[in-house]
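Peer 1: This structure is in structure tokens; I'll ask about it shortly.
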Amino acid sequence: MLALMAGTSVAAAVAAGYHTMAPRSQLYGHTFVGGGRDSRQLALTFDDGPNDPWTPRLLEVLERRQVRATFFMIGDFVRQKPAIARQVVEAGHVVGNHTFSHPNLIFADVATVERQVSECERALTDAIGDHSRLFRPPFGGRTPMALRAIQRQGLDTVMWRVSGFDWNAKSARQIEQKIVAGVRGGDVILLHDGGHRHMGADRSCTVTAVDHLIAWGQEQGYNFVTVPEMMSHDRRLTAK
């Protein structure tokens, strides 16, 4: 009996840990992961910027392809490179909160979560003024307490359905294959224009992959939208 109880406790702990990091899980609170599966929309999202020089190079690709995306920025990097943050907004993209210094929130108390979110909000407001009320937790890590703290600050948490795993990819082709294999329609796609450890993280593979992926997606009949556009489209369909 004791062995059974111990085994059950371990299984429960493993399950609980899984849901703190699983991008699609809704167990600990509602997050947005995408629209309906019958949708022909895709939302490109980029974490960990602004990053010099790769964010501006990514903007060049998006402009040439006439695609708007959503950027979740680290407040500390926004303080370092406010001009790049403004460049993102001026190009018509959406900017969201990715905390000030990128801690994993599953290990953070309420005060830390609130401080990380509010400090990033201040950095964004100082650099670009009004911006979206979107938030993405670093590493995708969240707890019920963290999600409630984020919601109290008036932010909507955005996760993802498809990831390019580009933070450790060896080539653009590897990123492309991961995304193409996962796309079904109505997907929020996770990519990175920066790296949370330092400014200047090499995202050349991501920039190349995005160029190819947009061409592929458009050939397949997909429409690339921002996260708020996808949210709005999803709400309209649900209301019918």
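If you're wondering about the labels, chains in the structure tokens are A, B, ... by order shown, residues count from 1 in each chain, ligands from 1 in order shown.
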Tell me which protein, DNA and RNA residues are within 8 Å of Leu124 (chain A), counting only C-alpha atoms, leaving out same-chain ones fewer than 3 positions away, and put them as an NGL selection string.

Peer 2: :A and (75 or 78 or 97 or 120-121 or 127-129 or 131)

Peer 1: Report as an mmCIF file with C-alpha atoms, in the first residue's frame all protein, DNA and RNA residues lying within 12 Å of Arg142 (chain A), evaluated on only C-alpha atoms, omitting residues in the same chain fewer than 3 positions from it.

Peer 2:
```cif
data_model
loop_
_atom_site.group_PDB
_atom_site.id
_atom_site.type_symbol
_atom_site.label_atom_id
_atom_site.label_comp_id
_atom_site.auth_asym_id
_atom_site.auth_seq_id
_atom_site.Cartn_x
_atom_site.Cartn_y
_atom_site.Cartn_z
ATOM 1 C CA ALA A 16 1.985 18.576 -12.433
ATOM 2 C CA GLY A 17 5.483 19.412 -13.655
ATOM 3 C CA TYR A 18 4.528 18.544 -17.214
ATOM 4 C CA HIS A 19 1.621 21.001 -17.241
ATOM 5 C CA THR A 20 3.819 23.881 -16.034
ATOM 6 C CA MET A 21 5.821 23.684 -19.281
ATOM 7 C CA ALA A 22 3.521 22.035 -21.863
ATOM 8 C CA PRO A 23 2.667 24.815 -24.324
ATOM 9 C CA ARG A 24 -0.848 23.583 -25.144
ATOM 10 C CA SER A 25 -1.952 22.659 -21.617
ATOM 11 C CA GLN A 26 -4.918 24.569 -20.178
ATOM 12 C CA LEU A 27 -4.883 22.811 -16.797
ATOM 13 C CA TYR A 28 -3.513 25.751 -14.800
ATOM 14 C CA GLY A 29 -5.447 28.488 -16.596
ATOM 15 C CA HIS A 30 -6.485 29.663 -20.028
ATOM 16 C CA THR A 31 -3.772 30.600 -22.512
ATOM 17 C CA PRO A 103 13.400 33.972 -15.424
ATOM 18 C CA ASN A 104 11.506 30.683 -15.412
ATOM 19 C CA LEU A 105 8.294 31.649 -13.616
ATOM 20 C CA ILE A 106 7.623 28.166 -12.266
ATOM 21 C CA PHE A 107 10.292 28.948 -9.651
ATOM 22 C CA ALA A 108 9.133 32.529 -8.965
ATOM 23 C CA ASP A 109 6.953 33.842 -6.145
ATOM 24 C CA VAL A 110 4.085 36.271 -6.743
ATOM 25 C CA VAL A 113 6.259 37.569 -11.263
ATOM 26 C CA PHE A 135 2.405 38.201 -22.466
ATOM 27 C CA ARG A 136 4.530 35.131 -23.090
ATOM 28 C CA PRO A 137 6.201 33.370 -20.152
ATOM 29 C CA PRO A 138 9.913 32.603 -20.563
ATOM 30 C CA PHE A 139 10.488 28.957 -21.501
ATOM 31 C CA MET A 145 -0.274 31.501 -9.242
ATOM 32 C CA ALA A 146 1.822 33.029 -12.031
ATOM 33 C CA LEU A 147 -1.080 33.039 -14.493
ATOM 34 C CA ARG A 148 -3.335 34.753 -11.950
ATOM 35 C CA ALA A 149 -0.667 37.392 -11.271
ATOM 36 C CA ILE A 150 -0.281 38.024 -15.005
ATOM 37 C CA THR A 157 -0.941 34.867 -21.918
ATOM 38 C CA VAL A 158 0.046 33.552 -25.352
ATOM 39 C CA MET A 159 1.686 30.161 -25.837
#
```

Peer 1: Taking only C-alpha atoms into account, which of A:Gly92, A:Gly164, A:Gly35, A:Pro144 comes nearest Glu176 (chain A)?

Peer 2: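 Smallest distance to Glu176 (chain A) is found for A:Gly164.
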
Peer 1: Considering only C-alpha atoms, state which residue in the set A:Asp52, A:Val88, A:Leu44, A:Lys81 is at the smallest distance from Ala209 (chain A).

Peer 2: A:Leu44

Peer 1: Could you tell me, as a list of chain:residue names, which residues of region 77-171 of chain A DSSP assigns to strand (DSSP E) when given the backbone?

Peer 2: A:Val94, A:Val95, A:Gly96, A:Asn97, A:Leu134, A:Phe135, A:Asp156, A:Thr157, A:Val162, A:Ser163

Peer 1: Need to verify the contact set: Ile179 (chain A), 7 Å, only C-alpha atoms, exclusion of same-chain residues closer than 2 positions in sequence. Can you return it as a PDB file with C-alpha atoms, in the first residue's frame?

Peer 2:
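Dumped everything to selection-v2.pdb:
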```pdb
ATOM      1  CA  VAL A 162       4.198  24.770 -33.249  1.00  0.00           C
ATOM      2  CA  SER A 163       7.873  25.430 -32.496  1.00  0.00           C
ATOM      3  CA  GLY A 164      10.857  25.630 -34.803  1.00  0.00           C
ATOM      4  CA  ILE A 175      13.868  24.802 -38.425  1.00  0.00           C
ATOM      5  CA  GLU A 176      11.761  24.665 -41.572  1.00  0.00           C
ATOM      6  CA  GLN A 177      11.198  20.915 -41.274  1.00  0.00           C
ATOM      7  CA  ALA A 181       5.683  19.004 -39.920  1.00  0.00           C
ATOM      8  CA  GLY A 182       3.629  20.664 -37.183  1.00  0.00           C
ATOM      9  CA  VAL A 183       1.447  23.147 -39.061  1.00  0.00           C
TER      10      VAL A 183
END
```

Peer 1: What is the distance between CA of Val95 (chain A) and CA of Pro53 (chain A), in Å to one decimal?

Peer 2: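 Calculated distance between CA of Val95 (chain A) and CA of Pro53 (chain A) is 17.9 Å.
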
Peer 1: If you run DSSP on the backbone here, which positions in region 13-240 of chain A get helix (DSSP H, G or I)? Please write them as JSON, numbers by chain.

Peer 2: {"A": [13, 14, 15, 16, 17, 18, 19, 20, 21, 54, 55, 56, 57, 58, 59, 60, 61, 62, 63, 64, 65, 75, 76, 77, 78, 79, 80, 82, 83, 84, 85, 86, 87, 88, 89, 90, 105, 106, 107, 110, 111, 112, 113, 114, 115, 116, 117, 118, 119, 120, 121, 122, 123, 124, 125, 126, 127, 128, 138, 139, 140, 144, 145, 146, 147, 148, 149, 150, 151, 152, 166, 167, 168, 172, 173, 174, 175, 176, 177, 178, 179, 180, 181, 182, 204, 205, 206, 207, 208, 209, 210, 211, 212, 213, 214, 215, 216, 217, 218, 219, 227, 228, 229, 230, 231, 232, 233, 234, 235, 236, 237, 238, 239]}

Peer 1: Leaving out Val227 (chain A) and any residue of its chain fewer than 6 positions from it, which residues lie within 12 Å of it when counting only C-alpha atoms, given as a CSV table (one decimal) with N, CA and C atoms, in the first residue's frame?

Peer 2:
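Full text of around-v6.csv as output:
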```
chain,number,residue,atom,x,y,z
A,32,PHE,N,-3.7,31.4,-24.8
A,32,PHE,CA,-4.1,31.4,-26.2
A,32,PHE,C,-3.0,30.6,-27.0
A,33,VAL,N,-3.3,29.5,-27.7
A,33,VAL,CA,-2.4,28.8,-28.4
A,33,VAL,C,-2.6,28.8,-29.9
A,34,GLY,N,-3.8,29.3,-30.3
A,34,GLY,CA,-4.1,29.4,-31.7
A,34,GLY,C,-5.6,29.4,-32.0
A,35,GLY,N,-5.9,29.5,-33.3
A,35,GLY,CA,-7.3,29.5,-33.6
A,35,GLY,C,-7.9,28.1,-34.0
A,41,GLN,N,-5.1,30.6,-41.2
A,41,GLN,CA,-4.2,31.6,-40.6
A,41,GLN,C,-3.1,30.9,-39.9
A,42,LEU,N,-1.9,31.6,-39.9
A,42,LEU,CA,-0.7,31.3,-39.1
A,42,LEU,C,-0.2,32.6,-38.5
A,43,ALA,N,0.3,32.5,-37.3
A,43,ALA,CA,0.8,33.6,-36.6
A,43,ALA,C,2.3,33.4,-36.2
A,44,LEU,N,3.2,34.1,-36.9
A,44,LEU,CA,4.6,34.0,-36.5
A,44,LEU,C,4.8,34.8,-35.3
A,45,THR,N,5.5,34.2,-34.3
A,45,THR,CA,5.9,35.0,-33.1
A,45,THR,C,7.4,34.8,-32.8
A,46,PHE,N,8.0,35.9,-32.3
A,46,PHE,CA,9.4,35.9,-32.1
A,46,PHE,C,9.7,36.3,-30.6
A,68,ARG,N,3.1,40.6,-41.3
A,68,ARG,CA,3.2,41.2,-40.0
A,68,ARG,C,3.3,40.1,-38.9
A,69,ALA,N,4.1,40.3,-37.9
A,69,ALA,CA,4.3,39.2,-36.9
A,69,ALA,C,4.1,39.8,-35.5
A,70,THR,N,4.4,39.0,-34.5
A,70,THR,CA,4.2,39.4,-33.1
A,70,THR,C,5.6,39.1,-32.4
A,71,PHE,N,6.1,40.1,-31.7
A,71,PHE,CA,7.4,40.1,-31.0
A,71,PHE,C,7.2,40.2,-29.5
A,72,PHE,N,7.7,39.1,-28.8
A,72,PHE,CA,7.7,39.2,-27.3
A,72,PHE,C,9.0,39.6,-26.8
A,93,HIS,N,4.4,45.8,-36.8
A,93,HIS,CA,4.3,44.5,-36.0
A,93,HIS,C,3.8,44.8,-34.6
A,94,VAL,N,3.4,43.7,-34.0
A,94,VAL,CA,2.8,43.8,-32.6
A,94,VAL,C,3.9,43.4,-31.6
A,95,VAL,N,4.0,44.1,-30.5
A,95,VAL,CA,5.0,43.9,-29.4
A,95,VAL,C,4.3,43.5,-28.2
A,96,GLY,N,4.8,42.4,-27.5
A,96,GLY,CA,4.3,41.9,-26.2
A,96,GLY,C,5.3,41.8,-25.2
A,132,SER,N,0.6,46.1,-27.1
A,132,SER,CA,-0.4,45.1,-26.9
A,132,SER,C,-0.4,44.7,-25.4
A,133,ARG,N,-1.5,44.1,-25.0
A,133,ARG,CA,-1.6,43.5,-23.7
A,133,ARG,C,-1.3,42.0,-23.7
A,134,LEU,N,-0.4,41.6,-24.5
A,134,LEU,CA,0.0,40.2,-24.6
A,134,LEU,C,1.2,39.9,-23.8
A,135,PHE,N,1.3,38.7,-23.3
A,135,PHE,CA,2.4,38.2,-22.5
A,135,PHE,C,2.8,36.8,-22.9
A,136,ARG,N,4.1,36.5,-22.9
A,136,ARG,CA,4.5,35.1,-23.1
A,136,ARG,C,5.5,34.8,-22.0
A,156,ASP,N,-3.0,39.1,-21.4
A,156,ASP,CA,-3.4,37.8,-21.9
A,156,ASP,C,-2.1,37.0,-22.2
A,157,THR,N,-2.1,35.7,-21.7
A,157,THR,CA,-0.9,34.9,-21.9
A,157,THR,C,-1.1,34.1,-23.2
A,158,VAL,N,0.0,34.2,-24.0
A,158,VAL,CA,0.0,33.6,-25.4
A,158,VAL,C,1.1,32.5,-25.4
A,159,MET,N,0.7,31.3,-25.7
A,159,MET,CA,1.7,30.2,-25.8
A,159,MET,C,1.8,29.9,-27.3
A,160,TRP,N,1.9,28.6,-27.7
A,160,TRP,CA,2.1,28.2,-29.1
A,160,TRP,C,1.7,26.8,-29.3
A,186,GLY,N,-4.4,27.6,-38.2
A,186,GLY,CA,-4.7,28.2,-36.9
A,186,GLY,C,-3.6,28.2,-35.9
A,187,ASP,N,-2.4,28.0,-36.3
A,187,ASP,CA,-1.3,27.8,-35.4
A,187,ASP,C,-0.6,29.1,-35.0
A,188,VAL,N,-0.3,29.2,-33.7
A,188,VAL,CA,0.7,30.2,-33.3
A,188,VAL,C,2.1,29.5,-33.3
A,189,ILE,N,3.1,30.1,-34.0
A,189,ILE,CA,4.4,29.5,-34.2
A,189,ILE,C,5.4,30.2,-33.4
A,190,LEU,N,6.2,29.4,-32.7
A,190,LEU,CA,7.3,30.0,-31.8
A,190,LEU,C,8.6,29.9,-32.5
A,233,HIS,N,-10.2,37.0,-35.0
A,233,HIS,CA,-10.9,36.1,-35.9
A,233,HIS,C,-11.5,34.9,-35.2
A,234,ASP,N,-10.8,34.4,-34.2
A,234,ASP,CA,-11.3,33.3,-33.4
A,234,ASP,C,-12.5,33.6,-32.6
```

Peer 1: State, in Å with one decimal place, the distance from CA of Ile214 (chain A) to CA of Arg86 (chain A).

Peer 2: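 Spanning CA of Ile214 (chain A) to CA of Arg86 (chain A) is a straight-line distance of 23.5 Å.
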
Peer 1: Do you know which residues are at most 6 Å from Asn51 (chain A) counting only C-alpha atoms, after dropping those on the same chain fewer than 4 positions away, and could you put them as an NGL selection string?

Peer 2: :A and (55 or 194 or 199-200)

Peer 1: Keeping C-alpha atoms for every residue in the selection just given, could you write it to a file as a short mmCIF file (atom, residue, chain, number, x, y, z; two decimals), in the first residue's frame?

Peer 2:
```cif
data_model
loop_
_atom_site.label_atom_id
_atom_site.label_comp_id
_atom_site.auth_asym_id
_atom_site.auth_seq_id
_atom_site.Cartn_x
_atom_site.Cartn_y
_atom_site.Cartn_z
CA THR A 55 15.96 41.65 -35.40
CA GLY A 194 17.20 36.85 -29.96
CA MET A 199 22.54 40.51 -26.88
CA GLY A 200 23.81 39.48 -30.31
#
```

Peer 1: Any idea what the distance is between CA of Asp48 (chain A) and CA of His98 (chain A)?

Peer 2: 7.3 Å

Peer 1: In terms of the shortest atom-to-atom distance over only C-alpha atoms, which of A:Thr206, A:His212, A:Arg64, A:Gly140 is closest to Asp193 (chain A)?

Peer 2: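 Residue with the minimum atom-to-atom distance to Asp193 (chain A): A:Thr206.
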